[in-house]
Each structure stands twice: as C-alpha cells, then as structure tokens.
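What's in data-v5.txt: compact mmCIF, C-alpha atoms
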# COMPACT_ATOMS: atom_id res chain seq x y z
CA MET A 1 85.86 0.10 -5.09
CA ARG A 2 83.84 0.70 -8.18
CA ARG A 3 80.62 0.46 -6.17
CA HIS A 4 81.83 3.24 -3.83
CA ARG A 5 82.59 5.52 -6.79
CA THR A 6 79.08 4.98 -8.18
CA LEU A 7 77.48 5.73 -4.82
CA PHE A 8 79.66 8.83 -4.42
CA LEU A 9 78.71 10.02 -7.90
CA LEU A 10 74.99 9.51 -7.23
CA LEU A 11 75.30 11.32 -3.91
CA ALA A 12 77.11 14.25 -5.53
CA ILE A 13 74.51 14.54 -8.28
CA SER A 14 71.58 14.47 -5.84
CA MET A 15 73.25 17.08 -3.61
CA GLY A 16 73.87 19.28 -6.64
CA LEU A 17 70.21 18.99 -7.65
CA MET A 18 69.04 19.89 -4.15
CA ILE A 19 71.33 22.91 -4.00
CA SER A 20 70.28 24.14 -7.44
CA SER A 21 66.57 23.72 -6.61
CA SER A 22 66.99 25.68 -3.36
CA LEU A 23 68.80 28.44 -5.27
CA MET A 24 66.02 28.53 -7.85
CA ALA A 25 63.44 28.76 -5.08
CA ASP A 26 65.23 31.85 -3.77
CA THR A 27 65.14 33.53 -7.19
CA VAL A 28 61.37 33.10 -7.67
CA ASP A 29 59.37 36.33 -7.69
CA VAL A 30 58.83 37.30 -4.07
CA ASN A 31 56.03 39.74 -4.90
CA LYS A 32 52.91 37.97 -3.71
CA ALA A 33 49.66 38.77 -5.45
CA GLU A 34 46.60 39.69 -3.41
CA ILE A 35 42.91 39.44 -4.25
CA SER A 36 40.24 41.62 -2.70
CA LEU A 37 36.59 40.73 -3.26
CA LYS A 38 33.54 42.98 -3.25
CA VAL A 39 29.99 43.03 -4.60
CA ALA A 40 28.78 45.87 -6.81
CA ALA A 41 25.96 46.66 -9.23
CA GLU A 42 26.80 47.05 -12.91
CA ASP A 43 24.12 47.55 -15.57
CA ASN A 44 21.34 46.76 -13.06
CA GLN A 45 22.97 43.42 -12.32
CA LYS A 46 24.74 42.33 -9.15
CA VAL A 47 28.36 41.25 -9.79
CA ILE A 48 31.30 39.96 -7.75
CA ILE A 49 34.47 41.93 -8.45
CA ALA A 50 37.97 40.65 -7.68
CA ALA A 51 40.76 43.24 -7.65
CA VAL A 52 44.15 41.55 -8.15
CA THR A 53 47.30 43.43 -7.15
CA THR A 54 50.94 42.52 -6.88
CA ALA A 55 53.35 44.78 -4.99
CA GLY A 56 50.55 47.35 -4.78
CA LYS A 57 50.10 47.52 -8.57
CA PRO A 58 47.20 46.01 -10.56
CA LEU A 59 47.92 42.69 -12.25
CA ALA A 60 46.57 42.67 -15.81
CA ASN A 61 45.71 39.62 -17.96
CA ALA A 62 45.46 37.16 -15.07
CA THR A 63 42.68 34.58 -15.13
CA VAL A 64 40.60 34.49 -11.96
CA ASN A 65 38.25 31.57 -11.22
CA PHE A 66 35.27 32.20 -8.94
CA PHE A 67 33.72 29.52 -6.72
CA VAL A 68 30.98 29.33 -4.10
CA LYS A 69 31.66 27.10 -1.10
CA ARG A 70 29.02 24.37 -0.85
CA THR A 71 28.56 21.44 1.51
CA PHE A 72 30.49 18.89 -0.58
CA GLY A 73 33.00 21.07 -2.40
CA ASN A 74 33.26 24.29 -4.37
CA LEU A 75 30.77 25.23 -7.09
CA ASP A 76 32.37 26.96 -10.10
CA ILE A 77 30.38 30.11 -10.95
CA GLY A 78 32.70 31.46 -13.64
CA HIS A 79 36.07 32.90 -14.57
CA ASP A 80 37.28 36.18 -16.02
CA GLN A 81 40.47 37.81 -17.28
CA THR A 82 41.66 40.84 -15.31
CA LEU A 83 41.60 44.18 -17.08
CA ASP A 84 44.35 46.81 -17.03
CA ASP A 85 43.10 47.99 -13.62
CA GLY A 86 43.46 44.44 -12.22
CA THR A 87 39.73 43.72 -11.86
CA ALA A 88 37.78 40.66 -12.94
CA ALA A 89 34.04 40.20 -12.48
CA VAL A 90 31.33 37.54 -12.68
CA SER A 91 27.59 37.80 -12.08
CA PHE A 92 26.37 37.20 -8.52
CA PRO A 93 24.53 33.85 -8.17
CA VAL A 94 21.27 35.17 -6.65
CA ASP A 95 19.47 31.86 -7.34
CA LEU A 96 21.80 29.79 -5.11
CA PRO A 97 20.47 28.95 -1.65
CA GLY A 98 22.25 30.81 1.10
CA GLY A 99 20.75 29.16 4.16
CA SER A 100 18.62 30.98 6.71
CA THR A 101 20.73 34.15 6.48
CA GLY A 102 21.04 34.33 2.67
CA GLN A 103 24.83 34.46 2.88
CA ILE A 104 27.23 32.63 0.54
CA GLN A 105 31.00 32.12 0.81
CA VAL A 106 32.76 33.23 -2.42
CA ILE A 107 36.28 32.05 -3.30
CA ALA A 108 38.50 33.64 -5.96
CA VAL A 109 41.59 31.79 -7.23
CA ILE A 110 44.18 32.94 -9.77
CA SER A 111 44.77 30.22 -12.37
CA THR A 112 47.15 32.05 -14.74
CA PRO A 113 49.96 33.19 -14.72
CA PRO A 114 51.35 30.07 -13.06
CA GLN A 115 53.56 31.88 -10.53
CA TYR A 116 50.41 33.25 -8.86
CA SER A 117 48.30 30.09 -9.08
CA SER A 118 48.40 29.50 -5.32
CA VAL A 119 46.82 32.87 -4.52
CA ARG A 120 43.22 32.76 -3.32
CA SER A 121 40.80 34.88 -1.36
CA GLU A 122 37.49 34.18 0.41
CA ALA A 123 34.65 36.48 1.45
CA ALA A 124 31.05 36.10 2.61
CA PHE A 125 28.32 38.10 0.89
CA ASP A 126 24.62 38.60 1.51
CA GLY A 127 22.07 38.44 -1.28
CA ALA A 128 21.58 34.75 -2.02
CA ARG A 129 18.21 33.02 -1.78
CA VAL A 130 17.05 32.66 1.82
CA ILE A 131 15.94 29.16 2.83
CA SER A 132 13.35 29.13 5.60
CA HIS A 133 13.40 26.51 8.30
CA GLN A 134 10.72 23.83 8.29
CA THR A 135 8.25 24.31 11.10
CA GLU A 136 7.46 20.59 11.27
CA ALA A 137 10.28 18.62 12.85
CA TYR A 138 9.48 15.41 10.96
CA PRO A 139 7.48 15.00 7.76
CA ARG A 140 4.68 12.46 7.67
CA ALA A 141 6.58 9.58 6.05
CA LEU A 142 7.14 5.86 6.58
CA TRP A 143 10.53 6.46 8.20
CA ALA A 144 9.31 9.27 10.49
CA PRO A 145 7.66 9.02 13.93
CA GLN A 146 4.35 10.13 12.38
CA ALA A 147 3.06 7.85 9.63
CA PRO A 148 1.20 9.21 6.58
CA LEU A 149 -2.56 9.62 7.05
CA VAL A 150 -3.34 7.39 4.04
CA LEU A 151 -1.35 4.54 5.59
CA ILE A 152 -3.08 4.93 8.96
CA LEU A 153 -6.52 4.95 7.26
CA THR A 154 -5.67 1.83 5.20
CA ILE A 155 -4.52 -0.10 8.28
CA LEU A 156 -7.63 0.94 10.24
CA ILE A 157 -9.91 -0.27 7.43
CA LEU A 158 -8.08 -3.62 7.21
CA VAL A 159 -8.19 -4.17 11.01
CA ALA A 160 -11.88 -3.15 11.09
CA GLY A 161 -12.59 -5.65 8.29
CA VAL A 162 -10.91 -8.46 10.28
CA TRP A 163 -12.88 -7.60 13.46
CA CYS A 164 -16.14 -7.40 11.48
CA THR A 165 -15.41 -10.90 10.17
CA TYR A 166 -14.85 -12.13 13.76
CA ALA A 167 -18.12 -10.53 14.85
CA TYR A 168 -20.00 -12.09 11.93
CA VAL A 169 -18.64 -15.54 12.80
CA VAL A 170 -19.61 -15.10 16.49
CA VAL A 171 -23.14 -13.96 15.54
CA GLN A 172 -23.54 -16.97 13.23
CA LEU A 173 -22.36 -19.32 15.99
CA ILE A 174 -24.91 -17.83 18.40
CA ARG A 175 -27.73 -18.24 15.81
CA ILE A 176 -26.75 -21.83 15.18
CA ARG A 177 -26.70 -22.56 18.91
CA LYS A 178 -30.15 -20.95 19.40
CA GLY A 179 -31.48 -22.94 16.48
CA GLY A 180 -30.50 -26.11 18.32
CA ILE A 181 -28.35 -27.52 15.62
CA LEU A 182 -25.30 -27.84 17.87

Here is a file; write its structure as structure tokens.
Amino acid sequence: MRRHRTLFLLLAISMGLMISSSLMADTVDVNKAEISLKVAAEDNQKVIIAAVTTAGKPLANATVNFFVKRTFGNLDIGHDQTLDDGTAAVSFPVDLPGGSTGQIQVIAVISTPPQYSSVRSEAAFDGARVISHQTEAYPRALWAPQAPLVLILTILILVAGVWCTYAYVVVQLIRIRKGGIL
C-alpha cells in the first residue's frame, strides 16, 4: 500500500511539473524578433548591416553575431550591439574566397537577450574574392595521371644508363670473340 502512495505522489508531482511548464511556455513573449541583412558603404568601407526588429519596432541593445557559411562550418566574422534604431554592423570580409561567382553566405544570429537567441537570418552577398577555375584538370604530381617532368627525366636517364651498360657488355663480348680468346 505504501508503494502505491509513493508512485501516486511521484505521478502527481511529474504531472504538476508538466502542466506548469506548459503554462509557462504559453506566457513567453510571443513577439518574434526578425533580422534583415544588407550591405552598405560607411566611411569608404563595405559593411554588413543587420536590422533587428520585434513587433515592427527596433530592438536596442541586442548582441548580434555574424558568420560566413564555409564548407566545414560557420566562420565567425564579428559581433556588434544593436543601436537605438535596431542596427548592428560589421565590416564585410572582402578577403574571403567566394568561389567562381564571388558570393558569400552571411548568417546573423542574436545571442542576447536570451529570449531571442534562436532568431537567425541568412543572405547571400556579392563582393568576396573571386576564385578562378584551374584550366589544367590534373597537376603534374606523383598521384596524378601526368607525372612531373623531373621524375620522367630521372627515370629516362637511369634506364638509358642501364641500356648503355648492356651495350657496353655486348660490345666487349664481341671484341673478345673476335680476338679469339673464347
């Protein structure tokens, strides 16, 4: 009987916790923040500007982290605190490679205040360093279909040296045979 009371008590406590957590989830601020990204020029320098709004009004004093999407993760390019107009800015990474089109994918994430920490925005911008395609499909390397010229020349010299040694031995055998020694 005592065991049943303990189980009932544990069940009642867990149900109460679930109900209270669901009620708390309903009372959380429903105003979702939004981030809009754009590129502008300030003081002869290219910058990325994030405008943070909540319920159509600017969100001041929020920390925004800026990232650039790379092959194996996101590269942190800076963070800034939003001003009274809800804008935060970092300098544009013009030295990053942007592939053949010169385009990079920028991500802005709010880190503080905590209730908006899940808000993020992504946008693609032109202006990064353009990487040209290689015209040669394979470089001349040991692992490529075309070997390096120095390696080919070295092998040819070694093989020629071996064949010259064979020829020298054959010529010596012919001279010995003509001399009548054999």

Please identify all polymer residues within 9 Å of region 56-63 of chain A, counting all atoms listed in the file, omitting same-chain residues fewer than 4 positions from it, and present them as a PDB file with C-alpha atoms, keeping the file's coordinate frame.
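Generated output (out27.pdb):
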ATOM      1  CA  ALA A  33      49.660  38.770  -5.450  1.00  0.00           C
ATOM      2  CA  GLU A  34      46.600  39.690  -3.410  1.00  0.00           C
ATOM      3  CA  ALA A  51      40.760  43.240  -7.650  1.00  0.00           C
ATOM      4  CA  VAL A  52      44.150  41.550  -8.150  1.00  0.00           C
ATOM      5  CA  HIS A  79      36.070  32.900 -14.570  1.00  0.00           C
ATOM      6  CA  ASP A  80      37.280  36.180 -16.020  1.00  0.00           C
ATOM      7  CA  GLN A  81      40.470  37.810 -17.280  1.00  0.00           C
ATOM      8  CA  THR A  82      41.660  40.840 -15.310  1.00  0.00           C
ATOM      9  CA  LEU A  83      41.600  44.180 -17.080  1.00  0.00           C
ATOM     10  CA  ASP A  84      44.350  46.810 -17.030  1.00  0.00           C
ATOM     11  CA  ASP A  85      43.100  47.990 -13.620  1.00  0.00           C
ATOM     12  CA  GLY A  86      43.460  44.440 -12.220  1.00  0.00           C
ATOM     13  CA  THR A  87      39.730  43.720 -11.860  1.00  0.00           C
ATOM     14  CA  ALA A  88      37.780  40.660 -12.940  1.00  0.00           C
ATOM     15  CA  VAL A 109      41.590  31.790  -7.230  1.00  0.00           C
ATOM     16  CA  ILE A 110      44.180  32.940  -9.770  1.00  0.00           C
ATOM     17  CA  SER A 111      44.770  30.220 -12.370  1.00  0.00           C
ATOM     18  CA  THR A 112      47.150  32.050 -14.740  1.00  0.00           C
ATOM     19  CA  PRO A 113      49.960  33.190 -14.720  1.00  0.00           C
ATOM     20  CA  TYR A 116      50.410  33.250  -8.860  1.00  0.00           C
TER      21      TYR A 116
END

Nearest residue to Ala128 (chain A) from the set A:Leu156, A:Leu151, A:Ile104, A:Val39 (distances using all atoms listed in the file)
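For Ala128 (chain A), the nearest of the given residues is A:Ile104.
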
Pick from A:Ile131, A:Cys164, A:Leu75, A:Val68: nearest to Gly98 (chain A), with all atoms listed in the file counted?
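The shortest atom-to-atom distance to Gly98 (chain A) comes from A:Ile131.
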
Let me have the centre and edge lengths of the axis-aligned box enclosing all listed atoms of region 37-56 of chain A with 5 Å padding on every side, in Å to one decimal, as AutoDock Vina command-line options.
--center_x 37.3 --center_y 43.8 --center_z -9.4 --size_x 42.0 --size_y 17.6 --size_z 22.3

Contacts between region 120-127 of chain A and region 27-91 of chain A, please, where a residue of region 27-91 of chain A counts if it comes within 12 Å (with only C-alpha atoms); show its shortest atom pair and distance in Å to one decimal, rows by chain and ascending number, as JSON lines.
{"residue": "A:Lys32", "atom": "CA", "partner": "A:Arg120", "partner_atom": "CA", "distance": 11.0}
{"residue": "A:Ala33", "atom": "CA", "partner": "A:Arg120", "partner_atom": "CA", "distance": 9.1}
{"residue": "A:Glu34", "atom": "CA", "partner": "A:Arg120", "partner_atom": "CA", "distance": 7.7}
{"residue": "A:Ile35", "atom": "CA", "partner": "A:Ser121", "partner_atom": "CA", "distance": 5.8}
{"residue": "A:Ser36", "atom": "CA", "partner": "A:Ser121", "partner_atom": "CA", "distance": 6.9}
{"residue": "A:Leu37", "atom": "CA", "partner": "A:Ala123", "partner_atom": "CA", "distance": 6.6}
{"residue": "A:Lys38", "atom": "CA", "partner": "A:Ala123", "partner_atom": "CA", "distance": 8.1}
{"residue": "A:Val39", "atom": "CA", "partner": "A:Phe125", "partner_atom": "CA", "distance": 7.6}
{"residue": "A:Ala40", "atom": "CA", "partner": "A:Phe125", "partner_atom": "CA", "distance": 10.9}
{"residue": "A:Lys46", "atom": "CA", "partner": "A:Gly127", "partner_atom": "CA", "distance": 9.2}
{"residue": "A:Val47", "atom": "CA", "partner": "A:Gly127", "partner_atom": "CA", "distance": 10.9}
{"residue": "A:Ile48", "atom": "CA", "partner": "A:Phe125", "partner_atom": "CA", "distance": 9.3}
{"residue": "A:Ile49", "atom": "CA", "partner": "A:Ala123", "partner_atom": "CA", "distance": 11.3}
{"residue": "A:Ala50", "atom": "CA", "partner": "A:Ser121", "partner_atom": "CA", "distance": 9.0}
{"residue": "A:Ala51", "atom": "CA", "partner": "A:Ser121", "partner_atom": "CA", "distance": 10.5}
{"residue": "A:Val52", "atom": "CA", "partner": "A:Arg120", "partner_atom": "CA", "distance": 10.1}
{"residue": "A:Thr63", "atom": "CA", "partner": "A:Arg120", "partner_atom": "CA", "distance": 12.0}
{"residue": "A:Val64", "atom": "CA", "partner": "A:Arg120", "partner_atom": "CA", "distance": 9.2}
{"residue": "A:Asn65", "atom": "CA", "partner": "A:Arg120", "partner_atom": "CA", "distance": 9.4}
{"residue": "A:Phe66", "atom": "CA", "partner": "A:Arg120", "partner_atom": "CA", "distance": 9.8}
{"residue": "A:Phe67", "atom": "CA", "partner": "A:Glu122", "partner_atom": "CA", "distance": 9.3}
{"residue": "A:Val68", "atom": "CA", "partner": "A:Glu122", "partner_atom": "CA", "distance": 9.3}
{"residue": "A:Lys69", "atom": "CA", "partner": "A:Glu122", "partner_atom": "CA", "distance": 9.3}
{"residue": "A:Asn74", "atom": "CA", "partner": "A:Glu122", "partner_atom": "CA", "distance": 11.8}

Compile the contact shell of Val130 (chain A) as a ChimeraX atom specification: residues with an atom at most 12 Å away, counting only C-alpha atoms, same-chain residues fewer than 5 positions apart removed.
/A:94-104

Let me see the file: selected residues, C-alpha atoms, as a PDB file, in the frame of the given file.
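Written file, out-v9.pdb:
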ATOM      1  CA  VAL A  94      21.270  35.170  -6.650  1.00  0.00           C
ATOM      2  CA  ASP A  95      19.470  31.860  -7.340  1.00  0.00           C
ATOM      3  CA  LEU A  96      21.800  29.790  -5.110  1.00  0.00           C
ATOM      4  CA  PRO A  97      20.470  28.950  -1.650  1.00  0.00           C
ATOM      5  CA  GLY A  98      22.250  30.810   1.100  1.00  0.00           C
ATOM      6  CA  GLY A  99      20.750  29.160   4.160  1.00  0.00           C
ATOM      7  CA  SER A 100      18.620  30.980   6.710  1.00  0.00           C
ATOM      8  CA  THR A 101      20.730  34.150   6.480  1.00  0.00           C
ATOM      9  CA  GLY A 102      21.040  34.330   2.670  1.00  0.00           C
ATOM     10  CA  GLN A 103      24.830  34.460   2.880  1.00  0.00           C
ATOM     11  CA  ILE A 104      27.230  32.630   0.540  1.00  0.00           C
TER      12      ILE A 104
END

Computed interatomic separation between CA of Ala108 (chain A) and CA of Val90 (chain A) (Å)
10.6 Å

Between CA of Ala167 (chain A) and CA of Val150 (chain A), distance in Å (one decimal):
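Taking CA of Ala167 (chain A) as the start and CA of Val150 (chain A) as the end point, the length is 25.6 Å.
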
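Taking CA of Pro145 (chain A) as the reference point, CA of Phe72 (chain A) is found at 28.8 Å.
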
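Here the question is which of A:Leu173, A:Ala147, A:Ile107, A:Ile157 gets nearest to Gly73 (chain A) using all atoms listed in the file, and that residue is A:Ile107.
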
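Minimum distance to Gln45 (chain A) across A:Trp163, A:Trp143, A:Phe92, A:Tyr168 (counting all atoms listed in the file) occurs at A:Phe92.
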